[in-house]
$ cat final.tsv   # TSV, C-alpha atoms
chain	number	residue	atom	x	y	z
A	1449	MET	CA	0.00	0.00	0.00
A	1450	LEU	CA	2.74	2.46	0.98
A	1451	LYS	CA	4.60	1.70	-2.23
A	1452	SER	CA	1.47	2.48	-4.24
A	1453	VAL	CA	0.97	5.75	-2.34
A	1454	ASN	CA	4.59	6.77	-2.94
A	1455	THR	CA	4.29	5.97	-6.64
A	1456	PHE	CA	1.04	7.94	-6.88
A	1457	PHE	CA	2.60	11.02	-5.27
A	1458	THR	CA	5.82	10.93	-7.28
A	1459	GLU	CA	5.36	9.28	-10.66
A	1460	THR	CA	1.74	9.30	-11.77
A	1461	ILE	CA	-0.47	12.31	-12.54
A	1462	PHE	CA	1.89	14.88	-11.03
A	1463	LYS	CA	3.95	14.83	-14.20
A	1464	LYS	CA	0.88	16.06	-16.11
A	1465	LYS	CA	0.70	19.79	-15.37
A	1466	VAL	CA	-2.23	20.33	-17.69
A	1467	TYR	CA	-4.40	17.94	-15.64
A	1468	ILE	CA	-3.72	19.70	-12.36
A	1469	PHE	CA	-4.07	23.22	-13.77
A	1470	SER	CA	-7.30	22.26	-15.51
A	1471	LEU	CA	-8.67	20.75	-12.32
A	1472	TRP	CA	-7.67	23.87	-10.33
A	1473	TYR	CA	-9.57	26.22	-12.65
A	1474	LEU	CA	-12.43	23.80	-13.19
A	1475	ILE	CA	-13.04	23.80	-9.44
A	1476	SER	CA	-13.01	27.60	-9.48
A	1477	ALA	CA	-15.49	27.64	-12.36
A	1478	ILE	CA	-17.82	25.18	-10.60
A	1479	ALA	CA	-17.75	27.32	-7.47
A	1480	LEU	CA	-18.44	30.44	-9.48
A	1481	ILE	CA	-21.38	28.86	-11.31
A	1482	LYS	CA	-22.89	27.81	-8.00
A	1483	ILE	CA	-22.47	31.31	-6.55
A	1484	LEU	CA	-23.91	33.06	-9.59
A	1485	LYS	CA	-26.81	30.61	-9.77
A	1486	ASN	CA	-27.72	31.24	-6.13
A	1487	GLY	CA	-27.10	34.97	-6.42
A	1488	ASN	CA	-25.11	34.83	-3.20
A	1489	TYR	CA	-22.80	37.82	-3.58
A	1490	ASN	CA	-22.81	38.82	0.07
A	1491	ASN	CA	-19.10	38.54	0.92
A	1492	PHE	CA	-18.14	40.11	-2.39
A	1493	LEU	CA	-20.57	42.97	-1.68
A	1494	ILE	CA	-18.93	43.51	1.71
A	1495	PHE	CA	-15.60	43.89	-0.07
A	1496	LYS	CA	-17.06	45.96	-2.90
A	1497	PHE	CA	-18.68	48.56	-0.68
A	1498	THR	CA	-15.49	49.14	1.29
A	1499	PHE	CA	-14.27	51.02	-1.78
A	1500	PHE	CA	-17.36	53.20	-2.02
A	1501	SER	CA	-17.32	53.77	1.76
A	1502	LEU	CA	-13.70	54.88	1.40
A	1503	LEU	CA	-14.70	57.38	-1.27
A	1504	ASP	CA	-17.57	58.66	0.90
A	1505	GLN	CA	-15.34	58.59	4.03
A	1506	LYS	CA	-17.77	56.40	5.94
A	1507	ASN	CA	-16.80	54.03	8.75
A	1508	LEU	CA	-15.57	50.92	6.94
A	1509	PHE	CA	-16.53	48.58	9.77
A	1510	LEU	CA	-20.17	49.43	10.43
A	1511	PRO	CA	-23.00	47.22	9.10
A	1512	GLN	CA	-24.72	48.34	5.92
A	1513	PRO	CA	-27.89	46.21	5.87
A	1514	GLU	CA	-29.13	48.07	2.78
A	1515	ASN	CA	-26.13	46.70	0.85
A	1516	PHE	CA	-24.97	43.49	2.57
A	1517	GLN	CA	-25.18	41.34	5.69
A	1518	HIS	CA	-22.51	41.29	8.41
A	1519	TYR	CA	-19.62	43.76	8.19
A	1520	ASN	CA	-16.09	44.33	6.96
A	1521	LEU	CA	-12.98	43.52	8.99
A	1522	TYR	CA	-10.24	44.31	6.45
A	1523	GLY	CA	-7.91	47.31	6.62
A	1524	PRO	CA	-8.17	50.48	4.46
A	1525	ILE	CA	-5.62	49.34	1.85
A	1526	PHE	CA	-7.97	46.49	0.93
A	1527	SER	CA	-10.58	49.07	-0.10
A	1528	VAL	CA	-8.14	50.25	-2.76
A	1529	LEU	CA	-7.13	46.76	-3.91
A	1530	ILE	CA	-10.75	45.73	-4.44
A	1531	ALA	CA	-11.47	48.84	-6.54
A	1532	PRO	CA	-10.92	47.26	-10.00
A	1533	PHE	CA	-13.49	44.58	-9.13
A	1534	ALA	CA	-15.86	46.93	-7.26
A	1535	ILE	CA	-16.52	49.26	-10.18
A	1536	LEU	CA	-17.73	46.39	-12.39
A	1537	PRO	CA	-21.20	44.82	-12.44
A	1538	ASN	CA	-21.56	42.33	-9.60
A	1539	TRP	CA	-21.49	39.22	-11.77
A	1540	LEU	CA	-18.38	40.33	-13.67
A	1541	GLY	CA	-16.56	41.71	-10.65
A	1542	HIS	CA	-17.29	38.54	-8.71
A	1543	THR	CA	-16.13	36.35	-11.60
A	1544	LEU	CA	-12.81	38.14	-11.95
A	1545	TRP	CA	-12.36	38.20	-8.16
A	1546	THR	CA	-12.82	34.42	-7.99
A	1547	PHE	CA	-10.32	33.67	-10.73
A	1548	PHE	CA	-7.86	36.25	-9.40
A	1549	ASN	CA	-7.79	34.49	-6.02
A	1550	SER	CA	-7.32	31.09	-7.62
A	1551	PHE	CA	-4.63	32.32	-10.00
A	1552	ILE	CA	-2.55	34.13	-7.37
A	1553	LEU	CA	-2.50	31.06	-5.13
A	1554	LEU	CA	-1.56	28.78	-8.01
A	1555	PHE	CA	1.19	31.23	-8.96
A	1556	ALA	CA	2.56	31.36	-5.40
A	1557	ILE	CA	2.58	27.58	-4.99
A	1558	ARG	CA	4.42	27.14	-8.30
A	1559	LYS	CA	7.05	29.64	-7.15
A	1560	LEU	CA	7.96	27.56	-4.10
A	1561	PRO	CA	11.53	26.17	-4.17
A	1562	LEU	CA	10.31	22.63	-4.76
A	1563	SER	CA	10.32	20.19	-7.64
A	1564	SER	CA	7.59	20.45	-10.25
A	1565	GLY	CA	6.05	17.21	-9.00
A	1566	ALA	CA	5.93	18.48	-5.42
A	1567	THR	CA	4.27	21.76	-6.37
A	1568	LEU	CA	1.70	19.95	-8.48
A	1569	ALA	CA	1.01	17.64	-5.55
A	1570	ILE	CA	0.44	20.65	-3.29
A	1571	LEU	CA	-2.01	22.09	-5.81
A	1572	LEU	CA	-3.97	18.84	-5.89
A	1573	ILE	CA	-3.96	18.44	-2.10
A	1574	ALA	CA	-5.11	22.03	-1.57
A	1575	ALA	CA	-7.67	22.08	-4.39
A	1576	HIS	CA	-10.73	21.14	-2.34
A	1577	GLU	CA	-9.84	23.49	0.49
A	1578	ASN	CA	-9.45	26.24	-2.09
A	1579	LEU	CA	-12.95	25.40	-3.31
A	1580	THR	CA	-14.31	25.83	0.23
A	1581	SER	CA	-12.72	29.26	0.43
A	1582	ILE	CA	-13.79	30.62	-2.94
A	1583	LEU	CA	-17.35	29.37	-2.42
A	1584	SER	CA	-17.43	32.04	0.28
A	1585	SER	CA	-15.76	34.59	-2.02
A	1586	GLN	CA	-13.02	34.91	0.58
A	1587	PHE	CA	-9.63	36.62	0.34
A	1588	ASN	CA	-7.96	33.67	2.08
A	1589	PRO	CA	-6.41	32.12	-1.08
A	1590	SER	CA	-4.66	35.41	-1.74
A	1591	MET	CA	-3.60	35.65	1.91
A	1592	THR	CA	-2.10	32.17	1.60
A	1593	ALA	CA	-0.29	33.34	-1.53
A	1594	ILE	CA	1.05	36.40	0.29
A	1595	ILE	CA	2.62	34.24	3.02
A	1596	LEU	CA	4.06	31.80	0.46
A	1597	LEU	CA	5.50	34.61	-1.66
A	1598	THR	CA	7.06	36.21	1.43
A	1599	TYR	CA	8.95	32.98	2.02
A	1600	THR	CA	9.90	32.55	-1.64
A	1601	PHE	CA	11.13	36.11	-2.07
A	1602	ILE	CA	13.36	35.79	1.01
A	1603	ASP	CA	14.61	32.44	-0.28
A	1604	GLN	CA	15.41	34.11	-3.63
A	1605	LYS	CA	17.12	37.07	-1.87
A	1606	LYS	CA	14.42	39.46	-3.06
A	1607	ASP	CA	13.94	40.96	0.38
A	1608	PHE	CA	12.45	44.25	-0.82
A	1609	TRP	CA	9.54	42.38	-2.41
A	1610	ALA	CA	9.23	40.07	0.59
A	1611	ALA	CA	8.75	43.22	2.68
A	1612	LEU	CA	5.91	44.27	0.37
A	1613	MET	CA	4.17	40.94	0.96
A	1614	ILE	CA	4.52	41.24	4.75
A	1615	VAL	CA	3.18	44.80	4.76
A	1616	LEU	CA	0.35	44.04	2.35
A	1617	GLY	CA	-0.82	41.02	4.32
A	1618	THR	CA	-0.58	42.86	7.64
A	1619	PHE	CA	-2.37	45.99	6.45
A	1620	ILE	CA	-5.17	43.89	4.94
A	1621	LYS	CA	-5.88	41.20	7.55
A	1622	LEU	CA	-3.05	41.20	10.12
A	1623	TYR	CA	-2.25	37.58	9.21
A	1624	GLY	CA	0.54	38.78	6.95
A	1625	ILE	CA	2.68	39.70	9.94
A	1626	VAL	CA	3.57	36.00	10.29
A	1627	GLY	CA	5.90	36.58	7.34
A	1628	LEU	CA	8.35	37.91	9.93
A	1629	ALA	CA	8.82	34.26	10.90
A	1630	PHE	CA	11.21	34.05	7.93
A	1631	PHE	CA	13.23	37.13	8.95
A	1632	LEU	CA	16.17	35.11	10.29
A	1633	PHE	CA	16.50	33.33	6.93
A	1634	SER	CA	17.10	36.63	5.12
A	1635	LYS	CA	20.57	37.22	3.70
A	1636	ASN	CA	19.95	40.97	3.58
A	1637	LYS	CA	18.12	41.92	6.75
A	1638	LEU	CA	18.85	45.63	6.31
A	1639	MET	CA	17.08	45.61	2.95
A	1640	LEU	CA	14.16	43.72	4.48
A	1641	VAL	CA	13.80	46.22	7.33
A	1642	SER	CA	14.14	49.16	4.94
A	1643	GLY	CA	11.51	47.60	2.71
A	1644	LEU	CA	9.14	47.16	5.65
A	1645	ILE	CA	9.45	50.85	6.49
A	1646	PHE	CA	9.06	51.96	2.87
A	1647	TRP	CA	6.07	49.78	2.04
A	1648	SER	CA	4.36	50.57	5.35
A	1649	ALA	CA	4.48	54.25	4.47
A	1650	ILE	CA	3.07	53.50	1.03
A	1651	ALA	CA	0.30	51.22	2.32
A	1652	PHE	CA	-0.68	53.76	4.96
A	1653	SER	CA	-0.71	56.68	2.51
A	1654	ILE	CA	-2.36	55.28	-0.64
A	1655	PRO	CA	-5.93	55.16	0.78
A	1656	MET	CA	-5.55	58.87	1.60
A	1657	LEU	CA	-5.52	59.59	-2.14
A	1658	PHE	CA	-9.14	58.44	-2.22
A	1659	SER	CA	-10.22	60.08	1.04
A	1660	SER	CA	-8.21	62.19	3.52
A	1661	PRO	CA	-5.39	61.75	6.07
A	1662	ALA	CA	-7.64	62.43	9.05
A	1663	TYR	CA	-10.17	59.88	7.84
A	1664	ILE	CA	-7.53	57.15	7.39
A	1665	VAL	CA	-6.05	57.77	10.85
A	1666	GLN	CA	-9.55	57.45	12.34
A	1667	THR	CA	-10.19	54.35	10.22
A	1668	TYR	CA	-7.24	52.55	11.76
A	1669	LYS	CA	-8.63	53.32	15.20
A	1670	ASP	CA	-12.02	51.99	14.09
A	1671	TRP	CA	-10.34	48.87	12.70
A	1672	PHE	CA	-8.63	48.14	16.00
A	1673	GLU	CA	-11.94	48.47	17.86
A	1674	ALA	CA	-13.75	46.27	15.34
A	1675	ILE	CA	-11.28	43.38	15.45
A	1676	THR	CA	-11.04	43.58	19.25
A	1677	GLU	CA	-14.81	43.32	19.57
A	1678	LYS	CA	-14.95	40.52	17.00
A	1679	ASN	CA	-12.29	38.55	18.85
A	1680	GLN	CA	-14.38	38.71	22.02
A	1681	ILE	CA	-17.49	37.54	20.15
A	1682	ASN	CA	-15.60	34.67	18.50
A	1683	SER	CA	-14.80	33.16	21.90
A	1684	THR	CA	-18.46	32.95	22.95
A	1685	MET	CA	-19.18	29.75	20.94
A	1686	ILE	CA	-22.13	31.37	19.12
A	1687	THR	CA	-20.40	31.97	15.78
A	1688	ASP	CA	-19.06	29.78	12.97
A	1689	GLN	CA	-15.57	31.03	13.77
A	1690	ASP	CA	-13.15	30.06	16.56
A	1691	ILE	CA	-12.31	26.87	14.63
A	1692	CYS	CA	-8.93	26.65	16.30
A	1693	LEU	CA	-7.20	24.85	19.14
A	1694	MET	CA	-8.72	27.09	21.80
A	1695	GLY	CA	-12.17	26.98	20.21
A	1696	MET	CA	-12.04	23.20	19.98
A	1697	VAL	CA	-11.22	22.93	23.70
A	1698	ARG	CA	-13.91	25.48	24.61
A	1699	ARG	CA	-16.55	23.61	22.64
A	1700	ILE	CA	-15.57	20.15	23.85
A	1701	TYR	CA	-15.80	21.29	27.48
A	1702	GLY	CA	-18.77	23.57	26.80
A	1703	ASN	CA	-17.01	26.42	28.57
A	1704	PRO	CA	-16.74	29.76	26.70
A	1705	HIS	CA	-14.68	31.22	29.55
A	1706	ILE	CA	-11.57	29.13	28.84
A	1707	PRO	CA	-8.99	31.84	27.98
A	1708	ASN	CA	-6.79	32.03	24.93
A	1709	TRP	CA	-3.55	33.11	26.58
A	1710	PRO	CA	-2.35	29.73	27.98
A	1711	PHE	CA	-2.66	28.17	24.53
A	1712	LEU	CA	-1.12	31.16	22.74
A	1713	GLY	CA	1.74	31.38	25.22
A	1714	ALA	CA	2.61	27.70	24.94
A	1715	GLY	CA	2.12	27.78	21.16
A	1716	ILE	CA	4.44	30.73	20.66
A	1717	ILE	CA	7.15	29.11	22.77
A	1718	LEU	CA	6.90	25.83	20.86
A	1719	PHE	CA	6.81	27.72	17.56
A	1720	ALA	CA	9.94	29.69	18.47
A	1721	LEU	CA	12.10	26.87	19.89
A	1722	PRO	CA	13.29	25.52	16.49
A	1723	TYR	CA	14.93	28.88	15.78
A	1724	LEU	CA	17.56	27.92	18.35
A	1725	ARG	CA	18.87	25.37	15.85
A	1726	ILE	CA	20.87	27.94	13.90
A	1727	SER	CA	23.00	25.27	12.22
A	1728	GLN	CA	19.90	24.02	10.40
A	1729	TYR	CA	18.98	27.39	8.84
A	1730	LYS	CA	20.89	26.64	5.65
A	1731	GLU	CA	18.91	23.44	5.01
A	1732	PRO	CA	15.98	23.89	2.56
A	1733	ALA	CA	13.99	21.11	4.26
A	1734	PHE	CA	14.23	22.86	7.63
A	1735	ARG	CA	13.13	26.21	6.20
A	1736	LEU	CA	10.22	24.66	4.31
A	1737	LEU	CA	9.04	22.95	7.47
A	1738	ILE	CA	9.18	26.34	9.22
A	1739	LEU	CA	6.96	27.61	6.40
A	1740	ALA	CA	4.51	24.75	6.95
A	1741	SER	CA	4.53	25.39	10.70
A	1742	THR	CA	3.86	29.11	10.14
A	1743	LEU	CA	0.91	28.51	7.82
A	1744	ILE	CA	-0.76	26.09	10.23
A	1745	PHE	CA	0.08	28.13	13.35
A	1746	THR	CA	-1.59	31.19	11.81
A	1747	VAL	CA	-4.93	29.39	11.69
A	1748	ILE	CA	-5.02	27.00	14.66
A	1749	PHE	CA	-4.15	29.76	17.12
A	1750	SER	CA	-6.58	32.35	15.74
A	1751	THR	CA	-10.09	32.81	17.14
A	1752	SER	CA	-11.05	34.37	13.79
A	1753	SER	CA	-10.49	31.08	11.97
A	1754	GLU	CA	-13.51	29.72	10.13
A	1755	SER	CA	-13.87	26.95	7.61
A	1756	PRO	CA	-12.77	29.03	4.55
A	1757	THR	CA	-9.66	30.16	6.45
A	1758	TYR	CA	-8.25	26.63	6.36
A	1759	ILE	CA	-6.82	27.03	2.88
A	1760	ILE	CA	-3.96	28.76	4.72
A	1761	ALA	CA	-3.40	25.89	7.13
A	1762	PHE	CA	-3.95	23.20	4.53
A	1763	ALA	CA	-1.25	24.66	2.30
A	1764	GLY	CA	1.00	24.03	5.30
A	1765	VAL	CA	-0.28	20.46	5.60
A	1766	ALA	CA	0.47	19.90	1.91
A	1767	ILE	CA	4.00	21.30	2.20
A	1768	TRP	CA	4.64	19.11	5.24
A	1769	PHE	CA	3.43	16.01	3.40
A	1770	VAL	CA	5.36	16.48	0.15
A	1771	THR	CA	8.62	17.28	1.98
A	1772	GLN	CA	8.58	14.17	4.16
A	1773	GLU	CA	11.37	11.75	3.43
A	1774	ARG	CA	10.44	8.82	1.21
A	1775	PRO	CA	9.40	6.11	1.59
A	1776	LEU	CA	6.53	7.39	3.70
A	1777	LYS	CA	5.78	5.72	7.01
A	1778	THR	CA	2.36	4.29	7.75
A	1779	TRP	CA	1.58	6.90	10.43
A	1780	GLN	CA	2.36	9.73	8.01
A	1781	VAL	CA	-0.07	8.38	5.43
A	1782	VAL	CA	-2.75	7.81	8.07
A	1783	LEU	CA	-2.35	11.33	9.47
A	1784	PHE	CA	-2.48	12.85	5.99
A	1785	VAL	CA	-5.62	10.90	5.05
A	1786	PHE	CA	-7.17	11.93	8.38
A	1787	ALA	CA	-6.48	15.58	7.51
A	1788	MET	CA	-7.94	15.22	4.03
A	1789	ALA	CA	-11.09	13.63	5.42
A	1790	LEU	CA	-11.76	15.70	8.53
A	1791	THR	CA	-10.30	19.08	7.62
A	1792	SER	CA	-10.71	19.31	3.86
A	1793	PHE	CA	-13.76	17.21	3.02
A	1794	SER	CA	-15.87	17.56	6.19
A	1795	PRO	CA	-17.63	20.81	5.06
A	1796	SER	CA	-18.71	19.20	1.78
A	1797	ASP	CA	-21.44	16.79	0.72
A	1798	LEU	CA	-18.74	14.14	0.39
A	1799	PHE	CA	-18.84	13.82	4.17
A	1800	PRO	CA	-21.80	12.33	6.12
A	1801	LYS	CA	-24.12	15.22	7.02
A	1802	PHE	CA	-25.02	13.77	10.42
A	1803	ILE	CA	-21.41	13.55	11.56
A	1804	ARG	CA	-20.66	17.03	10.21
A	1805	ASN	CA	-23.61	18.69	11.95
A	1806	GLU	CA	-23.58	16.73	15.20
A	1807	PHE	CA	-19.87	16.45	15.89
A	1808	ILE	CA	-17.49	18.33	13.59
A	1809	LYS	CA	-19.16	21.75	13.60
A	1810	PRO	CA	-20.28	21.80	17.26
A	1811	TYR	CA	-16.81	20.86	18.49
A	1812	SER	CA	-14.63	22.65	15.89
A	1813	LEU	CA	-13.08	19.29	14.96
A	1814	LYS	CA	-12.03	20.59	11.55
A	1815	ALA	CA	-9.03	21.98	13.44
A	1816	LEU	CA	-7.97	18.65	14.98
A	1817	PRO	CA	-5.86	17.13	12.16
A	1818	CYS	CA	-4.04	20.42	11.60
A	1819	VAL	CA	-3.31	20.69	15.33
A	1820	LEU	CA	-1.88	17.17	15.35
A	1821	ILE	CA	0.22	17.81	12.25
A	1822	TRP	CA	1.51	21.07	13.72
A	1823	PHE	CA	2.73	19.20	16.81
A	1824	VAL	CA	4.41	16.63	14.54
A	1825	ILE	CA	6.11	19.43	12.58
A	1826	SER	CA	7.26	21.06	15.81
A	1827	TYR	CA	8.76	17.75	16.97
A	1828	GLN	CA	10.50	17.22	13.64
A	1829	LEU	CA	11.90	20.76	13.65
A	1830	LEU	CA	13.34	20.19	17.11
A	1831	THR	CA	14.78	16.71	16.60
A	1832	ARG	CA	15.57	15.93	12.96
A	1833	ASP	CA	18.86	16.48	11.16
A	1834	PHE	CA	17.77	17.95	7.82
A	1835	ARG	CA	21.13	17.73	6.12
A	1836	ASN	CA	20.32	14.42	4.45
A	1837	ASN	CA	16.77	15.20	3.29
A	1838	ALA	CA	16.96	14.64	-0.46
A	1839	GLN	CA	13.24	15.24	-0.93
A	1840	VAL	CA	13.72	18.99	-1.44
A	1841	LYS	CA	17.24	19.01	-2.87

$ encode --input "final.tsv" --output "structure tokens"
Amino acid sequence: MLKSVNTFFTETIFKKKVYIFSLWYLISAIALIKILKNGNYNNFLIFKFTFFSLLDQKNLFLPQPENFQHYNLYGPIFSVLIAPFAILPNWLGHTLWTFFNSFILLFAIRKLPLSSGATLAILLIAAHENLTSILSSQFNPSMTAIILLTYTFIDQKKDFWAALMIVLGTFIKLYGIVGLAFFLFSKNKLMLVSGLIFWSAIAFSIPMLFSSPAYIVQTYKDWFEAITEKNQINSTMITDQDICLMGMVRRIYGNPHIPNWPFLGAGIILFALPYLRISQYKEPAFRLLILASTLIFTVIFSTSSESPTYIIAFAGVAIWFVTQERPLKTWQVVLFVFAMALTSFSPSDLFPKFIRNEFIKPYSLKALPCVLIWFVISYQLLTRDFRNNAQVK
């Protein structure tokens, strides 16, 4: 069985780029058709009206029930980035938005310093999770791409552009700040720091061209208040978010008062410990596993995580899986299949509805496989000698 799995992931369809690319865009098209058929533009409308609210200098984070349900939680720079899609008719803007998100993630995965077969495998592994995200018209595929490109630019010694990715991701959704996890791998830290300062000034200033400086300063204050309030709501177990380690524990014990800080504190320490292994920094396998750890950590320790957010974490799962030394061990295959089933396929009709509604959703179990894999990655980062890993050479 293991031999068949190894052959499948190294010698079969992954040599056929056209199959994987076609599948990637076919999934996007299917999602788009479903959205257009149902007329469910809500998340896209939230994004769209941030641009018009910026022009009118309205609070970006207040509900607008006349235009959409719920409310925006993205920073002011996002209002500018969405502009080319916002000015188009809904159906066309939404169509281009969907394919833009799919394309940018495909582009970022293909840029990873991995073999062609490995990158194609990652695309296939992440395809269904990408479908879950774009069905909600979410920005998460692009956020995943931003984190991946941050890593790749640093790996390619393009630190100025890595800084742009970090700033862009942070100024849009805060998640992008995790790109600093790759700071110690930079060969030109001064350029990276200079780039962070430069691009931060640009990202802060550009929205002012469409509004005013005073409005943008106030908008950042409003943004802080909005995300603080949302974080408190997420922990109450009454939303579809908090699909993370803390949320899983809260829901299993039925106690919304279990705090985040013990988990975050322990998680940050465990996340940081591998950086003590300075001698391993030069090994591509070590750095890629840090990337996988970062992607998963971003989601499983965030109370804002919801089902469509898991494209970020699942890209980490895919990178972990394709960079494991071959031949694969039985426990690695079992853990990977467990992640595909419970994390990736559980929100879909491919999974038994009763189990999904009675167990997975109420207890945030979508997070469980990613939590387990993150602990495995942490153990590997702390104990393995990566000098002989030929999988990524």

$ residues_around --input "final.tsv" --residues "Phe1619 in chain A" --least-positions-apart "5" --cutoff "9 Å" --atoms "all atoms listed in the file" --output "PyMOL selection string"
chain A and resi 1522-1526+1614+1624-1625+1648+1651-1652

$ write_last_selection --input "final.tsv" --atoms "C-alpha atoms" --output "mmCIF file, in the coordinates of the input"
data_model
loop_
_atom_site.group_PDB
_atom_site.id
_atom_site.type_symbol
_atom_site.label_atom_id
_atom_site.label_comp_id
_atom_site.auth_asym_id
_atom_site.auth_seq_id
_atom_site.Cartn_x
_atom_site.Cartn_y
_atom_site.Cartn_z
ATOM 1 C CA TYR A 1522 -10.240 44.310 6.450
ATOM 2 C CA GLY A 1523 -7.910 47.310 6.620
ATOM 3 C CA PRO A 1524 -8.170 50.480 4.460
ATOM 4 C CA ILE A 1525 -5.620 49.340 1.850
ATOM 5 C CA PHE A 1526 -7.970 46.490 0.930
ATOM 6 C CA ILE A 1614 4.520 41.240 4.750
ATOM 7 C CA GLY A 1624 0.540 38.780 6.950
ATOM 8 C CA ILE A 1625 2.680 39.700 9.940
ATOM 9 C CA SER A 1648 4.360 50.570 5.350
ATOM 10 C CA ALA A 1651 0.300 51.220 2.320
ATOM 11 C CA PHE A 1652 -0.680 53.760 4.960
#

$ atom_distance --input "final.tsv" --atom1 "CA of Ile1557 in chain A" --atom2 "CA of Asn1588 in chain A"
14.1 Å

$ residues_around --input "final.tsv" --residues "range 1783-1796 of chain A" --least-positions-apart "3" --cutoff "7 Å" --atoms "all atoms listed in the file" --output "list of chain:residue names"
A:His1576, A:Glu1577, A:Trp1779, A:Gln1780, A:Phe1799, A:Arg1804, A:Lys1814, A:Ala1815, A:Pro1817, A:Cys1818

$ closest_residue --input "final.tsv" --among "A:Gln1586, A:Lys1678, A:Ile1594, A:Leu1638" --to "Thr1618 in chain A" --atoms "only C-alpha atoms"
A:Ile1594

$ residues_around --input "final.tsv" --residues "Tyr1827 in chain A" --least-positions-apart "6" --cutoff "10 Å" --atoms "all atoms listed in the file" --output "ChimeraX atom specification"
/A:1718,1722,1821

$ residues_near_point --input "final.tsv" --point "(-22.5, 35.0, -7.3)" --cutoff "12 Å" --atoms "only C-alpha atoms" --output "PyMOL selection string"
chain A and resi 1477-1493+1537-1546+1582-1585

$ residues_around --input "final.tsv" --residues "Leu1632 in chain A" --least-positions-apart "4" --cutoff "12 Å" --atoms "all atoms listed in the file" --output "mmCIF file with C-alpha atoms, in the frame of the given file"
data_model
loop_
_atom_site.group_PDB
_atom_site.id
_atom_site.type_symbol
_atom_site.label_atom_id
_atom_site.label_comp_id
_atom_site.auth_asym_id
_atom_site.auth_seq_id
_atom_site.Cartn_x
_atom_site.Cartn_y
_atom_site.Cartn_z
ATOM 1 C CA TYR A 1599 8.950 32.980 2.020
ATOM 2 C CA ILE A 1602 13.360 35.790 1.010
ATOM 3 C CA ASP A 1603 14.610 32.440 -0.280
ATOM 4 C CA ASP A 1607 13.940 40.960 0.380
ATOM 5 C CA GLY A 1627 5.900 36.580 7.340
ATOM 6 C CA LEU A 1628 8.350 37.910 9.930
ATOM 7 C CA ASN A 1636 19.950 40.970 3.580
ATOM 8 C CA LYS A 1637 18.120 41.920 6.750
ATOM 9 C CA LEU A 1638 18.850 45.630 6.310
ATOM 10 C CA LEU A 1640 14.160 43.720 4.480
ATOM 11 C CA VAL A 1641 13.800 46.220 7.330
ATOM 12 C CA ALA A 1720 9.940 29.690 18.470
ATOM 13 C CA PRO A 1722 13.290 25.520 16.490
ATOM 14 C CA TYR A 1723 14.930 28.880 15.780
ATOM 15 C CA LEU A 1724 17.560 27.920 18.350
ATOM 16 C CA ARG A 1725 18.870 25.370 15.850
ATOM 17 C CA ILE A 1726 20.870 27.940 13.900
ATOM 18 C CA GLN A 1728 19.900 24.020 10.400
ATOM 19 C CA TYR A 1729 18.980 27.390 8.840
ATOM 20 C CA LYS A 1730 20.890 26.640 5.650
ATOM 21 C CA ARG A 1735 13.130 26.210 6.200
ATOM 22 C CA ILE A 1738 9.180 26.340 9.220
#
